[in-house]
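Since the structure comes first, as structure tokens, the remarks are kept for the end.
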Amino acid sequence: MKDVRFARFVVLVNCAVPGVLLAWDALHHRLGANPVNFAILTTGMSALVFLSLTLLVTPLRRLTGWNGLILFRRTLGLYAFFYASAHFLIFFMLDRAMSLASTGAEMIKRPYLVIGSLGLICMMPLAVTSTNAMIKRLGAKRWNLLHRLVYVTAVAGVVHFYMQAKADKRLPNAFAVTVGILLGYRLVAFLLERQRKKPAKAANAPVPAPPSAPAPTLPSRPKYWAGQLRVARIVQETPNVRTFRLQALDGGDLPFQYLPGQYLNLSLLIDGMRVNRSYTIASTPTRCATCELTIKREDMGLASRHFHDAIHEGDLLNVSAPAGRFTFQGTEADSIVLIGGGVGITPLMSILRALTDRYWPGDIYLVYSVRQECDIIFAQELESLRQHHKNLHLCFTVSRPDGAQWTGHRGRITQELLERAIPDLSRRLFYVCGPSTMMSSVMDLLRGFGVPESRIKSEAFVYPTRAETTAALSQAPAEVLAEDVVPRAAAPTQAAADTAGATVTFSVSGKSAQLLPGQTILEAGEAVGLELAYECRSGVCGTCKKRLLAGSVTMEVEDALLPTDKAGGLILLCQAKATQPVTVEA
């Protein structure tokens, strides 16, 4: 961070040099026989130089891999605006004596002044929006579109300079060639990127069925495997994180297959109470005899404390087969960026292990944030993988380093850190997993870089409040607490519906229940003694799907519902809430 700040300071000072020298020479009357014309020419040339440097940053960064160059683009652009403004003000104040009439008459007589003014006007919104706050306010897509005005500005500046020059056109021609090459590079890069995306779009396009054939339907989601696995090994990863290696009871292959990034649903018996939790699989599916759960012990975590304090090697666990869509198999993109915080590295580690096991050729970037150096999970394994796989790039950052022993990055994941660690940010595919605050910050940064939403996959680790944990201890299984969990796919939060007064009728059992404020249909059914199937209670496994026969419901999370499910009227009982009478086929 200190190096970045110093580099920015050096660029800031050097960019000011032309203006300082011009002011110094003006004070000492060294601007020649026509000082006003000299000042106008100097500031105009400086504006064109900085505009050209602004356009040079992107191609130079891509060609050299010096990702840190992006840090200086806005500074160069702002100096271009400063010198262009000075160029116009010197003309207006000293050459035209601040006369609007004289200035207007001169612009009518000399069209190159109109073109130069147009370029300056285009620079104004660029300067005003050159802040992180404006990127966030406008949104990355609109901000990027707006800042393409720099191309218009550069062309206007070159044309203005060329038309102004009378006899000697060598310098204007040099600027014209430079700007032409830089804009041509962007055009070629745009066309190549567009061509590269065409096959993917064609591959994903729906194939129309023959006129005589019925419309195709999506395959139904396979049923989940359920049974017991044995705890074969427990490994202490960090002071408060352990890995639990699970295997089939007969010691053979696992009775299910899973994808990198998926999770298991577990049913635990804690103090005579059934507690359901979901934990990410950290191991790789390329090794089919075992799977591993890496779990952090949370002081307020009911299930995580149970795992650390009461589960031993040889114990049996009730497990249902994997679920989750936070997966990557290597065919989705030619490179991947994994960004994790704390124990949120577990699904990312499964993906990373699977890719390196298969010697996947694409670039793999892992940016991992922890509080202290001792909290880095899988530290030795990651370092070993880096040594054996040249396409694996690791970046660790410690927010609260203990002493001076840590020589790596310090602090949270920042714009500067991502820019230095990952080249060509905007074209990568990102997988982000960790605490909600960390994820929110990282997602904002990625949007600021112009990364499309479609190229950002996320799962949140949400830690429970003390009240939530107390509730889980005092009543029959509460909603999944993601302190033990993960994952929950990141989704917009929806305010809980006020369900007071609504009733739910279960058509198969013939029972009815009053829906309390904020209560789900699953909870209402359990309250009247119904045994309704469920696993995760967080809307992602699909075990509690039932058909809605009458009324309407709202659902905060619908990950487990396929389009065919929704078309057939299926809902998730663990998420469904109602503000009017409803009937469910259960």
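Residue numbering restarts at 1 for every chain of the structure tokens, chains are lettered A, B, ... in their displayed order, and ligands are numbered from 1 as they appear.
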*Neighbours of Arg400 in chain A within 10 Å (only C-alpha atoms; same-chain residues fewer than 6 positions away dropped), as a VMD selection string?*
chain A and resid 370 to 373 410 to 412
*Among range 23-211 of chain A, which residues carry a DSSP assignment of helix (DSSP H, G or I), reported as JSON, numbers by chain?*
{"A": [23, 24, 25, 26, 27, 35, 36, 37, 38, 39, 40, 41, 42, 43, 44, 45, 46, 47, 48, 49, 50, 51, 52, 53, 54, 55, 56, 57, 58, 59, 60, 61, 62, 63, 64, 67, 68, 69, 70, 71, 72, 73, 74, 75, 76, 77, 78, 79, 80, 81, 82, 83, 84, 85, 86, 87, 88, 89, 90, 91, 92, 93, 94, 95, 100, 101, 102, 103, 104, 105, 106, 107, 108, 109, 111, 112, 113, 114, 115, 116, 117, 118, 119, 120, 121, 122, 123, 124, 125, 126, 127, 128, 132, 133, 134, 135, 136, 137, 138, 140, 141, 142, 143, 144, 145, 146, 149, 150, 151, 152, 153, 154, 155, 156, 157, 158, 159, 160, 161, 162, 163, 164, 170, 171, 172, 173, 174, 175, 176, 177, 178, 179, 180, 181, 182, 183, 184, 185, 186, 187, 188, 189, 190, 191, 192, 193, 194, 195, 196, 197, 198, 199, 200, 201, 202, 203, 204]}
*asked:* Would you pick out the contacts of range 437-439 of chain A at 12 Å or less, using only C-alpha atoms, so that residues sharing its chain but fewer than 5 positions from it are not included, and give the list as an MDAnalysis selection string?
replied: chainID A and resid 339:342 344 368:371 399 411:414 430:432 444:446 456:463 489:490
*Selected residue, from A:Thr131, A:Thr579, A:Thr290, A:Ser441, that lies nearest to Leu254 in chain A when counting only C-alpha atoms*: A:Thr290
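Nearest to Ala84 in chain A of all the residues A:His160, A:His28, A:Leu146, A:Arg62 is A:His160, counting only C-alpha atoms.
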